[in-house]
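start-v4.cif, holding mmCIF, C-alpha atoms:
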data_run
loop_
_atom_site.label_atom_id
_atom_site.label_comp_id
_atom_site.auth_asym_id
_atom_site.auth_seq_id
_atom_site.Cartn_x
_atom_site.Cartn_y
_atom_site.Cartn_z
CA MET R 1 9.87 -13.77 4.82
CA LEU R 2 10.45 -14.57 8.48
CA THR R 3 14.23 -14.35 8.18
CA SER R 4 14.00 -11.08 6.23
CA VAL R 5 12.34 -9.45 9.25
CA PHE R 6 15.47 -10.03 11.32
CA SER R 7 17.95 -9.26 8.50
CA HIS R 8 19.21 -5.73 7.94
CA ALA R 9 21.20 -4.08 5.17
CA SER R 10 23.60 -2.26 7.49
CA PHE R 11 24.42 -1.59 11.11
CA ALA R 12 22.76 1.83 10.89
CA HIS R 13 19.59 0.16 9.59
CA LEU R 14 19.62 -2.24 12.54
CA ALA R 15 20.38 0.55 15.02
CA PHE R 16 17.51 2.81 13.91
CA ASN R 17 15.01 -0.07 13.97
CA SER R 18 16.26 -1.17 17.39
CA ILE R 19 15.79 2.35 18.80
CA ALA R 20 12.23 2.44 17.44
CA LEU R 21 11.52 -1.04 18.81
CA ILE R 22 12.75 -0.12 22.28
CA SER R 23 10.72 3.11 22.18
CA PHE R 24 7.37 1.63 21.16
CA ALA R 25 7.47 -1.94 22.47
CA PRO R 26 6.29 -1.09 26.02
CA SER R 27 3.23 0.86 24.84
CA VAL R 28 2.28 -1.73 22.22
CA ALA R 29 2.65 -4.59 24.72
CA LYS R 30 0.40 -2.74 27.18
CA LEU R 31 -2.16 -2.05 24.43
CA LEU R 32 -2.26 -5.70 23.39
CA HIS R 33 -2.69 -6.74 27.02
CA THR R 34 -5.54 -4.22 27.44
CA PHE R 35 -7.23 -5.36 24.23
CA HIS R 36 -7.14 -8.95 25.44
CA ASP R 37 -8.37 -8.26 28.98
CA ASN R 38 -11.22 -5.99 27.82
CA GLY R 39 -12.29 -8.19 24.90
CA GLN R 40 -14.58 -11.18 24.59
CA TYR R 41 -11.71 -13.55 25.44
CA GLY R 42 -10.64 -11.73 28.60
CA HIS R 43 -11.48 -14.84 30.63
CA VAL R 44 -8.47 -16.58 29.06
CA LEU R 45 -5.68 -15.70 31.47
CA GLN R 46 -2.20 -14.71 30.28
CA SER R 47 0.80 -15.24 32.51
CA THR R 48 2.85 -12.84 30.38
CA ILE R 49 2.30 -10.60 27.37
CA ASN R 50 5.56 -11.68 25.70
CA PRO R 51 4.10 -14.41 23.42
CA HIS R 52 1.32 -12.07 22.27
CA PHE R 53 3.76 -9.26 21.50
CA LEU R 54 6.16 -11.61 19.70
CA ALA R 55 3.29 -13.00 17.60
CA PHE R 56 2.21 -9.46 16.72
CA PHE R 57 5.76 -8.41 15.79
CA ILE R 58 6.47 -11.47 13.62
CA ALA R 59 3.05 -11.40 11.92
CA ALA R 60 3.41 -7.69 11.15
CA GLY R 61 6.91 -8.19 9.77
CA CYS R 62 5.91 -11.15 7.59
CA PHE R 63 2.80 -9.38 6.29
CA SER R 64 4.73 -6.25 5.36
CA ALA R 65 7.40 -8.39 3.65
CA TRP R 66 4.65 -10.19 1.71
CA VAL R 67 3.21 -6.85 0.56
CA SER R 68 6.67 -5.80 -0.62
CA HIS R 69 7.28 -9.09 -2.45
CA PHE R 70 3.84 -8.95 -4.08
CA ALA R 71 4.48 -5.40 -5.33
CA GLN R 72 7.91 -6.40 -6.62
CA ALA R 73 6.44 -9.46 -8.37
CA ILE R 74 4.04 -7.24 -10.29
CA ARG R 75 6.94 -4.98 -11.20
CA VAL R 76 9.10 -7.92 -12.35
CA ARG R 77 6.27 -9.22 -14.51
CA HIS R 78 6.01 -5.81 -16.16
CA ILE R 79 9.80 -5.77 -16.70
CA PHE R 80 9.77 -9.17 -18.38
CA ARG R 81 7.03 -8.02 -20.73
CA ASN R 82 9.09 -4.98 -21.71
CA LEU R 83 12.20 -7.10 -22.29
CA ALA R 84 10.41 -8.68 -25.23
CA ARG R 85 10.05 -5.24 -26.83
CA PRO R 86 13.31 -3.94 -28.34
CA GLU R 87 12.33 -0.31 -27.89
CA LYS R 88 11.77 -0.84 -24.12
CA ALA R 89 14.42 -3.46 -23.34
CA THR R 90 17.07 -0.97 -22.18
CA ALA R 91 14.67 0.75 -19.80
CA ALA R 92 13.51 -2.66 -18.52
CA ILE R 93 17.08 -3.74 -17.75
CA ALA R 94 17.68 -0.48 -15.89
CA ALA R 95 14.48 -0.98 -13.90
CA ALA R 96 15.47 -4.55 -13.05
CA SER R 97 18.78 -3.37 -11.60
CA GLN R 98 16.90 -1.15 -9.14
CA ILE R 99 14.98 -4.01 -7.50
CA LYS R 100 16.29 -4.62 -4.00
CA PRO R 101 15.50 -7.30 -1.41
CA SER R 102 13.04 -6.57 1.37
CA LEU R 103 15.12 -6.53 4.56
CA GLY R 104 14.56 -5.34 8.09
CA ALA R 105 11.87 -4.93 10.71
CA SER R 106 10.67 -1.56 9.42
CA GLY R 107 7.27 -2.99 8.48
CA ALA R 108 6.76 -4.38 11.99
CA ILE R 109 7.93 -1.06 13.47
CA TYR R 110 5.42 0.78 11.27
CA ALA R 111 2.65 -1.48 12.57
CA MET R 112 3.64 -0.65 16.15
CA VAL R 113 3.72 3.08 15.47
CA VAL R 114 0.36 3.10 13.68
CA LEU R 115 -1.30 0.99 16.39
CA THR R 116 0.02 3.41 19.02
CA SER R 117 -1.07 6.49 17.08
CA ILE R 118 -4.66 5.27 16.67
CA SER R 119 -5.01 3.95 20.21
CA LEU R 120 -3.22 6.86 21.91
CA PRO R 121 -3.88 9.82 19.58
CA TYR R 122 -2.77 12.47 22.08
CA THR R 123 0.74 11.04 22.35
CA SER R 124 3.70 13.12 21.20
CA VAL R 125 6.94 11.65 19.88
CA ASN R 126 10.49 12.88 19.51
CA ILE R 127 12.14 12.11 16.19
CA LEU R 128 15.92 11.93 15.84
CA PHE R 129 17.56 15.23 14.86
CA ILE R 130 14.29 17.15 15.48
CA PRO R 131 14.50 19.09 18.79
CA VAL R 132 10.73 19.40 19.45
CA ALA R 133 8.04 16.82 20.17
CA ILE R 134 5.54 16.13 17.39
CA PRO R 135 1.97 14.80 17.75
CA ILE R 136 2.10 11.13 16.80
CA GLY R 137 -0.80 11.52 14.37
CA ALA R 138 1.07 14.18 12.41
CA ALA R 139 4.26 12.11 12.44
CA VAL R 140 2.50 8.99 11.12
CA SER R 141 0.62 10.99 8.48
CA GLY R 142 3.89 12.48 7.28
CA MET R 143 5.60 9.07 7.19
CA VAL R 144 2.79 7.49 5.20
CA ALA R 145 2.67 10.46 2.82
CA LEU R 146 6.42 10.15 2.19
CA ASP R 147 6.07 6.44 1.42
CA VAL R 148 3.20 7.05 -0.99
CA LEU R 149 5.25 9.79 -2.67
CA GLY R 150 8.25 7.46 -2.75
CA ILE R 151 6.24 4.82 -4.62
CA ILE R 152 4.93 7.39 -7.08
CA ARG R 153 8.36 8.92 -7.64
CA GLY R 154 10.18 5.60 -7.71
CA TRP R 155 12.51 6.32 -4.79
CA GLN R 156 14.71 3.36 -3.85
CA MET R 157 16.21 4.39 -0.51
CA PHE R 158 13.50 2.67 1.57
CA ASP R 159 11.11 -0.25 1.06
CA HIS R 160 8.00 1.92 0.81
CA TRP R 161 5.65 -0.98 0.09
CA ALA R 162 6.78 -2.79 3.25
CA HIS R 163 6.21 0.38 5.26
CA LEU R 164 2.67 0.75 3.95
CA GLY R 165 2.03 -2.95 4.55
CA GLY R 166 3.12 -2.51 8.16
CA ALA R 167 0.86 0.53 8.52
CA LEU R 168 -2.06 -1.50 7.18
CA PHE R 169 -1.32 -4.30 9.66
CA GLY R 170 -1.25 -1.81 12.53
CA LEU R 171 -4.65 -0.49 11.43
CA TRP R 172 -6.01 -4.04 11.30
CA ALA R 173 -4.58 -4.83 14.76
CA TRP R 174 -6.42 -1.84 16.19
CA TRP R 175 -9.66 -2.97 14.54
CA ASP R 176 -9.20 -6.60 15.61
CA GLN R 177 -8.69 -5.65 19.30
CA ALA R 178 -6.89 -8.99 19.97
CA ARG R 179 -9.95 -11.06 18.97
CA LEU R 180 -7.86 -13.34 16.74
CA TRP R 181 -5.26 -13.89 19.45
CA GLY R 182 -7.92 -14.44 22.10
CA GLY R 183 -9.75 -16.97 19.94
CA MET R 184 -6.53 -18.88 19.32
CA ALA R 185 -5.67 -18.77 23.02
CA GLU R 186 -9.12 -20.08 23.95
CA ALA R 187 -8.84 -22.88 21.39
CA ALA R 188 -5.41 -23.81 22.76
CA GLU R 189 -6.78 -23.75 26.31
CA GLU R 190 -9.59 -26.12 25.32
CA VAL R 191 -7.13 -28.53 23.69
CA ILE R 192 -4.94 -28.49 26.81
CA GLU R 193 -7.93 -29.10 29.08
CA GLU R 194 -9.11 -32.00 26.94
CA ASP R 195 -5.61 -33.50 27.00
CA ILE R 196 -5.46 -33.19 30.80
CA LEU R 197 -8.86 -34.85 31.19
CA ARG R 198 -7.79 -37.65 28.85
CA GLN R 199 -4.63 -38.25 30.85
CA MET R 200 -6.62 -38.27 34.11
CA LYS R 201 -9.04 -40.84 32.72
CA GLU R 202 -6.17 -43.02 31.50
CA GLU R 203 -4.53 -42.83 34.94
CA GLU R 204 -7.82 -43.75 36.63
CA ALA R 205 -8.27 -46.70 34.27
CA ASN R 206 -4.73 -47.89 34.98
CA ASP R 207 -5.31 -47.55 38.73
CA ASP R 208 -8.51 -49.61 38.44
CA LYS R 209 -6.66 -52.34 36.51
CA LYS R 210 -3.94 -52.46 39.17
CA ALA R 211 -6.54 -52.65 41.96
CA LYS R 212 -8.34 -55.54 40.24
CA LYS R 213 -5.07 -57.44 39.80
CA LYS R 214 -4.32 -57.12 43.51
CA VAL R 215 -7.76 -58.46 44.40
#
Please go through the file and, once you have read it, give me the structure as structure tokens.
Amino acid sequence: MLTSVFSHASFAHLAFNSIALISFAPSVAKLLHTFHDNGQYGHVLQSTINPHFLAFFIAAGCFSAWVSHFAQAIRVRHIFRNLARPEKATAAIAAASQIKPSLGASGAIYAMVVLTSISLPYTSVNILFIPVAIPIGAAVSGMVALDVLGIIRGWQMFDHWAHLGGALFGLWAWWDQARLWGGMAEAAEEVIEEDILRQMKEEEANDDKKAKKKV
């Protein structure tokens, strides 16, 4: 699932996702930094937001890919059941040929867009080929509605399940307010401090042994 986040079906696919990433990464990074500083783990200092943003991006991408794979697994199971029925075998084979791999960072991009739309609801966005700015809430609502319609209608142009999985992750990230990241950072800080104290004690013990030998 990790490698699928960074794999794309075409150059155009990669280009569109890259444009979206460049557009929303600064605002999402600032939001994550604000969540952390204003939360219960704000005392844990961060030298840079890059690890937090990278963790968010990868987790969102992997979660959306998992949602897509889970939905496809249910579909494959249904196809195999129909293959055993002669009257439905032809339709099952046709349905199997429409299953495509889950590729790209679209799910992670969706998570970024949804997190931005909930946290900054008065933001407006410009969409390619549309000459006017659109409120981000309306844009996200339209995108989600299209993906739901795509699942209902069986459209195959986009990975609609991955998109909805990314949207769900963005909603969770807004609700979590960086508590999970802060807790992990605090736990890591405690482990590092304990390791430093252990090393200091070992060095003191070694120094004492050397002093005794000299005496």
Can you translate the PyMOL selection byres ((chain R and resi 163-172) around 8) into the concrete residues it hits in this file, as number ranges by chain? R: 60-61, 63-65, 67-68, 106-115, 118, 144, 147, 159-162, 173-176
Give me, please, the distance in Å between CA of Leu103 in chain R and CA of His8 in chain R, quoted to one decimal. 5.4 Å
Neighbouring residues of Val5 in chain R were defined as those with any atom within 7 Å, considering only C-alpha atoms; residues of the same chain fewer than 2 positions away were excluded. Please report them as an NGL selection string. :R and (1-3 or 7 or 61-62 or 103-105)
Selection: 9 Å around range 42-45 of chain R, all atoms listed in the file, excl. self and same-chain fewer than 6 positions, as a list of chain:residue names: R:Phe35, R:His36, R:Gly182, R:Ala185, R:Glu186, R:Glu189
How about saving the chosen residues, C-alpha atoms kept, as a PDB file, in the frame of the given file?
ATOM      1  CA  PHE R  35      -7.230  -5.360  24.230  1.00  0.00           C
ATOM      2  CA  HIS R  36      -7.140  -8.950  25.440  1.00  0.00           C
ATOM      3  CA  GLY R 182      -7.920 -14.440  22.100  1.00  0.00           C
ATOM      4  CA  ALA R 185      -5.670 -18.770  23.020  1.00  0.00           C
ATOM      5  CA  GLU R 186      -9.120 -20.080  23.950  1.00  0.00           C
ATOM      6  CA  GLU R 189      -6.780 -23.750  26.310  1.00  0.00           C
TER       7      GLU R 189
END
Please compute the CA of Pro131 in chain R-CA of Ile151 in chain R distance, one decimal, in Å.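 Answer for the CA of Pro131 in chain R to CA of Ile151 in chain R separation: 28.6 Å.
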Return the single residue from R:Ala25, R:Ile134, R:Val125, R:Ile58 that is closest to Phe6 in chain R, with distances computed using only C-alpha atoms. R:Ile58
Distance CA of Leu32 in chain R-CA of Ile49 in chain R, one decimal place?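 Taking CA of Leu32 in chain R as the start and CA of Ile49 in chain R as the end point, the length is 7.8 Å.
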